[in-house]
$ cat input_28.txt   # compact mmCIF, C-alpha atoms and all ligand atoms
# COMPACT_ATOMS: atom_id res chain seq x y z
CA MET M 229 96.44 125.04 74.92
CA THR M 230 98.09 121.65 74.40
CA ILE M 231 97.87 119.52 77.57
CA ARG M 232 101.27 118.16 78.54
CA VAL M 233 100.73 114.57 79.74
CA ALA M 234 102.98 112.07 81.52
CA ILE M 235 102.03 108.40 81.96
CA ALA M 236 103.16 106.17 84.83
CA GLY M 237 103.22 102.45 84.00
CA PRO M 238 103.63 102.81 80.19
CA ARG M 239 104.63 99.18 79.64
CA GLY M 240 101.56 97.72 81.34
CA LYS M 241 98.36 96.51 79.64
CA MET M 242 96.55 99.81 80.30
CA GLY M 243 99.69 101.95 80.05
CA GLN M 244 100.42 100.83 76.48
CA GLU M 245 96.87 101.58 75.38
CA ALA M 246 97.02 105.01 77.06
CA VAL M 247 100.37 105.85 75.42
CA HIS M 248 98.87 105.22 71.94
CA THR M 249 95.72 107.19 72.85
CA VAL M 250 97.61 110.27 74.04
CA MET M 251 100.06 110.12 71.12
CA LYS M 252 97.12 110.19 68.70
CA ASN M 253 95.23 113.01 70.47
CA GLN M 254 95.65 116.43 68.83
CA GLU M 255 94.93 118.33 72.05
CA MET M 256 97.58 116.49 74.09
CA GLU M 257 101.32 115.93 74.03
CA LEU M 258 102.95 112.93 75.72
CA VAL M 259 106.01 114.64 77.28
CA ALA M 260 107.33 111.84 79.53
CA VAL M 261 106.68 108.42 81.03
CA LEU M 262 107.43 107.20 84.54
CA ASP M 263 108.70 103.64 84.80
CA TYR M 264 110.85 101.63 87.19
CA LYS M 265 113.72 101.01 84.76
CA ASP M 266 115.41 102.27 81.55
CA ILE M 267 115.95 105.83 82.77
CA GLY M 268 117.46 107.92 79.97
CA ALA M 269 115.89 105.77 77.25
CA THR M 270 112.95 106.85 75.12
CA LEU M 271 109.75 104.90 74.47
CA ALA M 272 111.05 104.30 70.93
CA GLU M 273 113.94 102.30 72.41
CA LEU M 274 111.62 99.96 74.32
CA ASP M 275 110.53 96.93 72.34
CA VAL M 276 106.78 97.56 72.63
CA PHE M 277 106.52 100.99 70.92
CA PRO M 278 107.11 102.31 67.37
CA ASP M 279 110.35 104.11 66.47
CA SER M 280 108.53 107.42 66.19
CA TYR M 281 107.73 107.56 69.95
CA ASP M 282 110.50 109.91 71.04
CA VAL M 283 109.34 110.26 74.65
CA PRO M 284 111.81 110.19 77.56
CA VAL M 285 111.58 107.60 80.35
CA PHE M 286 112.09 108.73 83.98
CA THR M 287 112.20 106.74 87.20
CA ASP M 288 111.99 109.80 89.47
CA MET M 289 108.91 112.02 89.39
CA GLU M 290 110.70 115.14 90.60
CA GLU M 291 113.32 114.84 87.84
CA MET M 292 110.56 114.20 85.31
CA HIS M 293 108.75 117.32 86.50
CA THR M 294 111.85 119.55 86.30
CA ALA M 295 112.84 118.26 82.86
CA THR M 296 109.46 118.08 81.11
CA GLY M 297 106.85 120.07 83.11
CA PRO M 298 103.75 117.87 82.62
CA HIS M 299 100.34 119.34 83.49
CA VAL M 300 98.81 115.89 84.10
CA LEU M 301 100.08 112.51 85.32
CA VAL M 302 98.02 109.50 84.24
CA ASP M 303 98.74 106.68 86.71
CA LEU M 304 98.22 103.09 85.53
CA THR M 305 100.62 101.23 87.79
CA SER M 306 99.97 99.06 90.84
CA PRO M 307 98.15 99.29 94.17
CA GLU M 308 101.58 99.42 95.85
CA ALA M 309 102.84 102.48 93.93
CA VAL M 310 99.73 104.56 93.30
CA TYR M 311 99.22 106.30 96.64
CA LYS M 312 102.82 107.57 96.72
CA HIS M 313 102.63 108.70 93.07
CA THR M 314 99.36 110.57 93.57
CA LYS M 315 100.56 112.32 96.72
CA GLN M 316 103.86 113.34 95.11
CA ALA M 317 102.15 114.61 91.96
CA LEU M 318 99.79 116.80 94.02
CA GLN M 319 102.78 118.20 95.92
CA LEU M 320 104.58 118.97 92.63
CA ASN M 321 101.50 120.68 91.13
CA ILE M 322 100.97 117.92 88.53
CA ARG M 323 97.30 117.00 88.20
CA PRO M 324 96.81 113.24 88.75
CA VAL M 325 94.37 111.21 86.66
CA VAL M 326 94.37 107.88 88.41
CA GLY M 327 93.05 104.63 86.99
CA THR M 328 95.02 102.39 89.32
CA THR M 329 92.82 100.72 91.94
CA GLY M 330 93.44 99.47 95.46
CA PHE M 331 93.17 102.67 97.58
CA SER M 332 91.96 102.35 101.16
CA ASP M 333 89.17 104.69 102.34
CA ASP M 334 91.71 106.51 104.56
CA GLU M 335 94.07 107.08 101.63
CA LEU M 336 91.24 108.51 99.52
CA LYS M 337 90.30 110.89 102.35
CA GLU M 338 93.89 112.02 102.81
CA LEU M 339 94.39 112.68 99.09
CA ALA M 340 91.11 114.64 98.93
CA GLY M 341 92.40 116.81 101.79
CA LEU M 342 95.74 117.34 100.06
CA ALA M 343 94.08 118.30 96.76
CA GLU M 344 91.89 120.82 98.60
CA GLU M 345 94.89 122.28 100.42
CA THR M 346 97.09 122.55 97.30
CA LYS M 347 94.17 123.41 94.97
CA VAL M 348 95.54 120.91 92.46
CA GLY M 349 92.84 119.01 90.56
CA CYS M 350 92.81 115.23 90.74
CA ILE M 351 90.54 112.57 89.24
CA ILE M 352 90.48 109.04 90.64
CA ALA M 353 88.37 106.81 88.40
CA PRO M 354 87.99 103.18 89.48
CA ASN M 355 86.57 102.51 86.03
CA PHE M 356 87.01 104.66 82.89
CA ALA M 357 84.45 102.74 80.78
CA VAL M 358 81.22 104.68 80.35
CA GLY M 359 79.16 101.47 80.38
CA ALA M 360 80.63 100.49 83.73
CA VAL M 361 79.80 103.92 85.16
CA LEU M 362 76.20 103.50 83.96
CA MET M 363 76.06 100.00 85.47
CA MET M 364 77.10 101.48 88.83
CA LYS M 365 74.57 104.32 88.59
CA PHE M 366 71.74 101.93 87.62
CA ALA M 367 72.64 99.65 90.54
CA GLU M 368 72.64 102.66 92.90
CA GLN M 369 69.13 103.61 91.71
CA ALA M 370 67.79 100.05 91.84
CA ALA M 371 69.11 99.50 95.38
CA LYS M 372 66.44 101.87 96.74
CA TYR M 373 63.81 99.34 95.69
CA LEU M 374 65.74 96.05 95.95
CA PRO M 375 68.18 96.34 98.86
CA ASP M 376 69.33 92.69 98.96
CA ILE M 377 72.40 92.75 96.77
CA GLU M 378 75.38 90.64 95.78
CA ILE M 379 78.14 91.93 93.52
CA ILE M 380 80.13 89.52 91.36
CA GLU M 381 83.21 91.00 89.70
CA MET M 382 85.22 88.94 87.22
CA HIS M 383 88.71 89.79 85.98
CA HIS M 384 91.80 88.37 84.26
CA ASP M 385 94.06 86.36 86.56
CA GLN M 386 96.90 88.95 86.61
CA LYS M 387 94.87 91.40 88.70
CA LEU M 388 96.54 92.27 92.01
CA ASP M 389 93.69 93.73 94.08
CA ALA M 390 90.44 92.16 95.22
CA PRO M 391 87.72 93.21 95.33
CA SER M 392 88.15 95.37 92.21
CA GLY M 393 88.02 99.16 92.49
CA THR M 394 84.77 99.07 90.51
CA ALA M 395 83.13 96.65 92.96
CA MET M 396 84.21 98.82 95.89
CA LYS M 397 82.93 101.98 94.20
CA THR M 398 79.62 100.22 93.39
CA ALA M 399 79.28 99.21 97.04
CA HIS M 400 80.04 102.78 98.20
CA LEU M 401 77.39 104.22 95.87
CA ILE M 402 74.75 101.67 96.91
CA ALA M 403 75.54 102.09 100.61
CA GLY M 404 74.54 105.76 100.28
CA HIS M 405 70.91 104.63 99.76
CA ARG M 406 70.74 101.30 101.51
CA PRO M 407 70.68 101.16 105.30
CA THR M 408 73.22 98.58 106.51
CA HIS M 409 71.56 95.21 106.94
CA GLU M 410 72.86 91.66 107.00
CA GLN M 411 71.64 89.42 104.19
CA GLY M 412 70.92 85.71 104.10
CA HIS M 413 69.78 83.51 106.96
CA VAL M 414 70.62 84.78 110.46
CA HIS M 415 72.03 81.36 111.31
CA GLU M 416 73.96 80.82 108.08
CA LYS M 417 77.43 79.31 108.56
CA GLU M 418 80.32 78.92 106.10
CA THR M 419 81.57 75.36 106.00
CA LEU M 420 84.33 76.51 103.63
CA GLU M 421 85.86 79.89 104.55
CA GLY M 422 85.06 82.66 102.03
CA ALA M 423 82.09 80.84 100.50
CA ARG M 424 79.80 83.84 101.09
CA GLY M 425 82.33 86.37 99.76
CA ALA M 426 83.40 89.66 101.35
CA ASN M 427 80.92 91.55 103.51
CA TYR M 428 80.46 95.29 102.85
CA GLU M 429 77.76 96.62 105.16
CA GLY M 430 75.86 93.35 104.69
CA MET M 431 76.24 93.27 100.88
CA ARG M 432 78.31 90.38 99.56
CA ILE M 433 81.12 90.86 97.04
CA HIS M 434 82.61 87.92 95.11
CA SER M 435 85.84 88.15 93.08
CA VAL M 436 86.44 85.75 90.18
CA ARG M 437 89.92 85.57 88.56
CA LEU M 438 90.34 83.56 85.35
CA PRO M 439 92.54 83.64 82.25
CA GLY M 440 90.63 84.92 79.23
CA LEU M 441 88.60 87.48 81.15
CA VAL M 442 89.19 91.26 80.85
CA ALA M 443 86.85 93.18 83.22
CA HIS M 444 83.26 92.22 83.98
CA GLN M 445 80.79 92.85 86.77
CA GLN M 446 77.25 91.93 87.58
CA VAL M 447 75.12 93.33 90.35
CA LEU M 448 72.37 90.95 91.47
CA LEU M 449 69.39 92.51 93.25
CA GLY M 450 66.91 90.04 94.65
CA GLY M 451 63.29 90.60 95.76
CA GLU M 452 60.28 88.44 96.46
CA GLY M 453 59.85 86.25 93.38
CA GLN M 454 62.25 88.30 91.24
CA LEU M 455 65.88 88.99 90.34
CA LEU M 456 67.31 92.06 88.62
CA THR M 457 70.76 91.55 87.05
CA ILE M 458 72.75 94.59 85.93
CA ARG M 459 75.84 93.58 84.01
CA HIS M 460 78.75 95.27 82.24
CA ASP M 461 81.57 93.71 80.21
CA SER M 462 84.80 95.29 78.99
CA PHE M 463 86.06 93.02 76.20
CA ASN M 464 89.21 95.06 75.59
CA ARG M 465 91.15 97.95 77.12
CA GLY M 466 90.07 100.30 74.32
CA SER M 467 86.81 100.49 76.30
CA PHE M 468 88.57 102.62 78.93
CA MET M 469 90.24 105.16 76.65
CA SER M 470 87.44 107.69 76.07
CA GLY M 471 87.23 107.97 79.88
CA VAL M 472 90.97 108.59 80.11
CA VAL M 473 90.75 111.38 77.50
CA LEU M 474 87.72 112.96 79.22
CA SER M 475 89.49 112.83 82.60
CA VAL M 476 92.70 114.43 81.29
CA LYS M 477 90.68 117.32 79.84
CA THR M 478 88.44 117.71 82.90
CA VAL M 479 91.22 117.61 85.48
CA MET M 480 92.60 120.80 83.92
CA GLU M 481 89.38 122.57 84.92
CA THR M 482 89.13 121.52 88.58
CA GLU M 483 90.91 122.35 91.84
CA ARG M 484 89.73 119.42 93.95
CA LEU M 485 89.67 115.63 93.99
CA ILE M 486 86.90 113.94 92.01
CA TYR M 487 86.35 110.24 92.85
CA GLY M 488 84.44 108.49 90.07
CA LEU M 489 83.64 109.33 86.46
CA GLU M 490 79.92 109.63 87.29
CA HIS M 491 80.68 113.17 88.53
CA ILE M 492 81.99 114.31 85.14
CA ILE M 493 79.90 112.54 82.49
CA ASP M 494 76.64 114.31 81.58
N1 LIG P 1 90.28 102.67 86.05
C1 LIG P 1 90.14 101.83 85.04
O1 LIG P 1 89.26 101.95 84.20
C2 LIG P 1 91.10 100.68 84.93
C3 LIG P 1 92.00 100.49 85.90
N2 LIG P 1 92.90 99.47 85.83
C4 LIG P 1 93.89 99.45 86.89
O2 LIG P 1 95.09 99.99 86.38
C5 LIG P 1 96.20 99.37 87.00
C6 LIG P 1 97.13 98.80 85.94
O3 LIG P 1 96.48 97.76 85.27
P1 LIG P 1 97.17 96.90 84.13
O4 LIG P 1 97.70 97.78 83.07
O5 LIG P 1 96.23 95.83 83.79
O6 LIG P 1 98.41 96.27 84.95
P2 LIG P 1 99.82 95.81 84.39
O7 LIG P 1 100.42 94.95 85.46
O8 LIG P 1 99.69 95.27 83.03
O9 LIG P 1 100.67 97.16 84.31
C7 LIG P 1 101.14 97.88 85.41
C8 LIG P 1 102.45 98.54 84.98
O10 LIG P 1 102.87 99.42 86.01
C9 LIG P 1 104.27 99.27 86.18
N3 LIG P 1 104.64 99.73 87.50
C10 LIG P 1 104.45 99.11 88.69
N4 LIG P 1 104.96 99.87 89.68
C11 LIG P 1 105.46 100.97 89.11
C12 LIG P 1 106.11 102.13 89.60
N5 LIG P 1 106.37 102.27 90.90
N6 LIG P 1 106.47 103.10 88.73
C13 LIG P 1 106.23 102.97 87.42
N7 LIG P 1 105.62 101.88 86.88
C14 LIG P 1 105.25 100.91 87.72
C15 LIG P 1 104.52 97.79 85.95
O11 LIG P 1 105.86 97.56 85.64
C16 LIG P 1 103.59 97.52 84.78
O12 LIG P 1 104.23 97.78 83.55
C17 LIG P 1 95.62 98.31 87.95
O13 LIG P 1 95.52 98.87 89.25
C18 LIG P 1 94.22 98.08 87.40
O14 LIG P 1 93.34 97.67 88.40
C19 LIG P 1 92.92 98.61 84.79
C20 LIG P 1 92.00 98.72 83.78
C21 LIG P 1 91.01 99.77 83.78
O1 LIG P 2 92.60 95.42 86.80
C1 LIG P 2 91.78 95.61 85.87
O2 LIG P 2 91.88 95.05 84.77
C2 LIG P 2 90.68 96.57 86.10
N1 LIG P 2 90.69 97.27 87.16
C3 LIG P 2 89.71 98.22 87.55
C4 LIG P 2 89.01 97.77 88.80
O3 LIG P 2 89.68 97.29 89.73
O4 LIG P 2 87.80 97.94 88.91
C5 LIG P 2 88.78 98.61 86.42
C6 LIG P 2 88.43 97.48 85.51
O5 LIG P 2 87.54 96.66 86.17
C7 LIG P 2 89.66 96.73 85.05
$ encode --input "input_28.txt" --output "structure tokens" --more "lines below"
Ligand SMILES: NC(=O)C1=CN([C@@H]2O[C@H](COP(=O)(O)OP(=O)(O)OC[C@H]3O[C@@H](n4cnc5c(N)ncnc54)[C@H](O)[C@@H]3O)[C@@H](O)[C@H]2O)C=CC1
Ligand SMILES: O=C(O)C1=N[C@H](C(=O)O)C[C@H](O)C1
Amino acid sequence: MTIRVAIAGPRGKMGQEAVHTVMKNQEMELVAVLDYKDIGATLAELDVFPDSYDVPVFTDMEEMHTATGPHVLVDLTSPEAVYKHTKQALQLNIRPVVGTTGFSDDELKELAGLAEETKVGCIIAPNFAVGAVLMMKFAEQAAKYLPDIEIIEMHHDQKLDAPSGTAMKTAHLIAGHRPTHEQGHVHEKETLEGARGANYEGMRIHSVRLPGLVAHQQVLLGGEGQLLTIRHDSFNRGSFMSGVVLSVKTVMETERLIYGLEHIID
């Protein structure tokens, strides 16, 4: 069966890459895109895509659903739009594959409940790059032995959310094995606010934003006389595409919400 795919955010950095990926995939058909403007146009009429991309643009998900019947919605938009999109897709029986980051823990819980109730599969992947998933898993394992940890995530300066979804997911995974404990000196004091980064159950998370960067993270684990550094770099957005393809295929086989690619890679 050909998987009918819609993409939200097709003009964005990730959206453009995903449009090309789905268009090239023999097992998928790009049936629609969801944008905030140019309703009634096709991708071919937008300046960033080739003339052969005869895919309609919608601004309303319900209209898109009625007109084109997608099985899957790939969301690559913004932290502001993603919760509403994911909820609406689940209600319309469209399976969301979500790369957009910036969910709160409460939103994730609510969406998991909704997916269970509607039995509509959903994958939320804070990072689609296999190397980043391995970096998170290795950090989770290492935290059992070296529980003093600081996460440094580094991204391009157009990123809207901080900390990154990957840093948050890394902290969640590590926290499953590391009893909460405060790090550093008990009397430490910031003379400049924010100097010690964000505090997640005692772990520190630092967000760097600079032009030239794509997506990078290192997890530093310190012990007596030693430091373990686990690092991953995405140098381009092609690094995320095999994860997008895997997620689109896998979401067709599930009836619940899966949070994180580590649950679906072997
Ligand atoms: N899970 C992963 O592996 C990755 C996730 N991301 C995340 O994906 C998201 C998008 O990233 P980029 O492409 O770099 O951002 P971007 O800013 O280049 O693109 C976002 C696009 O979404 C559009 N958009 C915003 N609100 C919309 C709405 N309500 N409806 C339709 N379109 C809307 C914008 O116009 C823009 O074209 C971010 O949350 C980012 O953190 C980025 C890279 C990898
Ligand atoms: O905004 C980005 O670029 C990225 N966002 C995701 C995140 O917040 O972790 C994934 C990747 O790091 C790129």
$ closest_atom_pairs --input "input_28.txt" --of "chain M" --to "ligand LIG 2 (chain P)" --cutoff "7 Å" --atoms "all atoms listed in the file" --output "Markdown table"
| residue | atom | partner | partner_atom | distance |
| --- | --- | --- | --- | --- |
| M:Thr328 | CA | P:LIG2 | C3 | 7.0 |
| M:Thr329 | CA | P:LIG2 | O3 | 5.1 |
| M:Pro354 | CA | P:LIG2 | O4 | 5.3 |
| M:Asn355 | CA | P:LIG2 | C5 | 4.5 |
| M:His383 | CA | P:LIG2 | O2 | 6.3 |
| M:His384 | CA | P:LIG2 | O2 | 6.7 |
| M:Lys387 | CA | P:LIG2 | O1 | 5.0 |
| M:Asp389 | CA | P:LIG2 | O3 | 6.9 |
| M:Ser392 | CA | P:LIG2 | O3 | 3.5 |
| M:Gly393 | CA | P:LIG2 | O3 | 3.7 |
| M:Thr394 | CA | P:LIG2 | O4 | 3.6 |
| M:Ala395 | CA | P:LIG2 | O4 | 6.3 |
| M:Val442 | CA | P:LIG2 | O2 | 6.1 |
| M:Ala443 | CA | P:LIG2 | O5 | 4.6 |
| M:His444 | CA | P:LIG2 | O5 | 6.5 |
$ residues_near_ligand --input "input_28.txt" --ligand "ligand LIG 1 (chain P)" --cutoff "9 Å" --atoms "all atoms listed in the file" --output "MDAnalysis selection string"
chainID M and resid 235:245 261:265 286:288 303:310 312:313 326:330 352:357 360 384 386:389 392:394 442:443 465 467:469 471:472
$ residues_around --input "input_28.txt" --residues "Asp282 (chain M)" --least-positions-apart "3" --cutoff "10 Å" --atoms "only C-alpha atoms" --output "VMD selection string"
chain M and resid 258 to 260 269 to 273 277 to 279 285
$ write_last_selection --input "input_28.txt" --atoms "C-alpha atoms" --output "PDB file, in the coordinates of the input"
ATOM      1  CA  LEU M 258     102.950 112.930  75.720  1.00  0.00           C
ATOM      2  CA  VAL M 259     106.010 114.640  77.280  1.00  0.00           C
ATOM      3  CA  ALA M 260     107.330 111.840  79.530  1.00  0.00           C
ATOM      4  CA  ALA M 269     115.890 105.770  77.250  1.00  0.00           C
ATOM      5  CA  THR M 270     112.950 106.850  75.120  1.00  0.00           C
ATOM      6  CA  LEU M 271     109.750 104.900  74.470  1.00  0.00           C
ATOM      7  CA  ALA M 272     111.050 104.300  70.930  1.00  0.00           C
ATOM      8  CA  GLU M 273     113.940 102.300  72.410  1.00  0.00           C
ATOM      9  CA  PHE M 277     106.520 100.990  70.920  1.00  0.00           C
ATOM     10  CA  PRO M 278     107.110 102.310  67.370  1.00  0.00           C
ATOM     11  CA  ASP M 279     110.350 104.110  66.470  1.00  0.00           C
ATOM     12  CA  VAL M 285     111.580 107.600  80.350  1.00  0.00           C
TER      13      VAL M 285
END
$ atom_distance --input "input_28.txt" --atom1 "CA of Glu378 (chain M)" --atom2 "CA of Leu449 (chain M)"
6.8 Å
$ atom_distance --input "input_28.txt" --atom1 "CA of Ala234 (chain M)" --atom2 "CA of Pro391 (chain M)"
27.9 Å
$ closest_residue --input "input_28.txt" --among "M:Leu401, M:Leu374, M:Ile380, M:Ile433" --to "Gln454 (chain M)" --atoms "all atoms listed in the file"
M:Leu374
$ atom_distance --input "input_28.txt" --atom1 "CA of Arg484 (chain M)" --atom2 "CA of Ser332 (chain M)"
18.7 Å
$ decode --input "input_28.txt" --residues "region 234-336 of chain M" --atoms "C-alpha atoms" --output "tab-separated table (two decimals), in the first residue's frame"
chain	number	residue	atom	x	y	z
M	234	ALA	CA	0.98	15.34	4.23
M	235	ILE	CA	3.69	17.71	5.50
M	236	ALA	CA	3.10	20.73	7.75
M	237	GLY	CA	5.75	23.46	7.43
M	238	PRO	CA	6.92	22.60	3.87
M	239	ARG	CA	8.77	25.88	3.35
M	240	GLY	CA	10.94	25.54	6.45
M	241	LYS	CA	14.50	24.20	6.62
M	242	MET	CA	13.34	20.72	7.66
M	243	GLY	CA	10.07	20.88	5.71
M	244	GLN	CA	11.85	21.41	2.37
M	245	GLU	CA	14.16	18.47	2.99
M	246	ALA	CA	11.20	16.28	3.98
M	247	VAL	CA	9.21	17.28	0.87
M	248	HIS	CA	12.09	16.11	-1.39
M	249	THR	CA	12.51	12.90	0.66
M	250	VAL	CA	8.84	11.91	0.43
M	251	MET	CA	8.61	12.86	-3.25
M	252	LYS	CA	11.53	10.52	-3.99
M	253	ASN	CA	10.23	7.61	-1.89
M	254	GLN	CA	8.54	4.85	-3.93
M	255	GLU	CA	6.42	3.66	-1.00
M	256	MET	CA	4.96	7.10	-0.24
M	257	GLU	CA	2.91	9.75	-1.99
M	258	LEU	CA	2.98	13.41	-0.93
M	259	VAL	CA	-0.74	14.25	-1.21
M	260	ALA	CA	-0.83	17.70	0.48
M	261	VAL	CA	1.07	20.27	2.49
M	262	LEU	CA	-0.18	22.42	5.36
M	263	ASP	CA	1.10	25.98	5.41
M	264	TYR	CA	-0.08	29.34	6.72
M	265	LYS	CA	-0.50	31.00	3.32
M	266	ASP	CA	-0.99	30.34	-0.42
M	267	ILE	CA	-4.09	28.18	-0.04
M	268	GLY	CA	-5.15	26.87	-3.44
M	269	ALA	CA	-1.62	27.00	-4.83
M	270	THR	CA	0.55	23.95	-5.44
M	271	LEU	CA	4.13	23.40	-4.27
M	272	ALA	CA	5.19	23.87	-7.90
M	273	GLU	CA	3.92	27.46	-7.73
M	274	LEU	CA	6.07	28.30	-4.68
M	275	ASP	CA	9.52	29.56	-5.54
M	276	VAL	CA	11.43	26.90	-3.60
M	277	PHE	CA	10.21	23.73	-5.38
M	278	PRO	CA	10.55	22.29	-8.92
M	279	ASP	CA	7.71	22.64	-11.45
M	280	SER	CA	6.94	18.93	-11.23
M	281	TYR	CA	5.75	19.16	-7.59
M	282	ASP	CA	2.01	19.24	-8.22
M	283	VAL	CA	0.97	19.05	-4.55
M	284	PRO	CA	-1.86	21.22	-3.16
M	285	VAL	CA	-1.30	23.69	-0.31
M	286	PHE	CA	-3.92	23.90	2.49
M	287	THR	CA	-4.14	26.20	5.49
M	288	ASP	CA	-6.91	24.20	7.20
M	289	MET	CA	-6.26	20.64	8.33
M	290	GLU	CA	-9.89	19.55	8.17
M	291	GLU	CA	-10.21	20.75	4.55
M	292	MET	CA	-6.92	19.05	3.72
M	293	HIS	CA	-8.21	15.82	5.24
M	294	THR	CA	-11.52	15.90	3.34
M	295	ALA	CA	-9.86	16.74	0.02
M	296	THR	CA	-6.80	14.49	0.11
M	297	GLY	CA	-7.22	11.82	2.85
M	298	PRO	CA	-3.62	11.57	4.14
M	299	HIS	CA	-2.70	8.59	6.33
M	300	VAL	CA	0.18	10.46	7.99
M	301	LEU	CA	0.93	14.10	8.87
M	302	VAL	CA	4.63	14.96	9.26
M	303	ASP	CA	4.84	18.10	11.40
M	304	LEU	CA	7.93	20.31	11.04
M	305	THR	CA	6.55	23.67	12.12
M	306	SER	CA	7.00	25.61	15.34
M	307	PRO	CA	6.59	25.07	19.09
M	308	GLU	CA	3.56	27.38	18.92
M	309	ALA	CA	1.66	25.35	16.29
M	310	VAL	CA	2.66	21.75	16.95
M	311	TYR	CA	0.45	20.83	19.90
M	312	LYS	CA	-2.71	22.02	18.13
M	313	HIS	CA	-1.71	20.24	14.89
M	314	THR	CA	-0.97	16.95	16.65
M	315	LYS	CA	-4.21	17.00	18.62
M	316	GLN	CA	-6.29	17.83	15.55
M	317	ALA	CA	-4.60	15.15	13.45
M	318	LEU	CA	-5.33	12.49	16.10
M	319	GLN	CA	-8.98	13.61	16.18
M	320	LEU	CA	-9.19	13.38	12.37
M	321	ASN	CA	-7.61	9.90	12.30
M	322	ILE	CA	-4.42	11.15	10.61
M	323	ARG	CA	-1.31	9.59	12.16
M	324	PRO	CA	1.11	12.32	13.31
M	325	VAL	CA	4.88	11.98	12.88
M	326	VAL	CA	6.19	14.94	14.81
M	327	GLY	CA	9.69	16.35	14.57
M	328	THR	CA	8.80	19.76	15.95
M	329	THR	CA	10.12	20.30	19.47
M	330	GLY	CA	8.97	22.41	22.41
M	331	PHE	CA	6.23	20.23	24.01
M	332	SER	CA	5.66	20.52	27.74
M	333	ASP	CA	5.50	17.31	29.81
M	334	ASP	CA	1.75	17.90	30.34
M	335	GLU	CA	1.13	18.23	26.59
M	336	LEU	CA	2.99	14.98	25.92
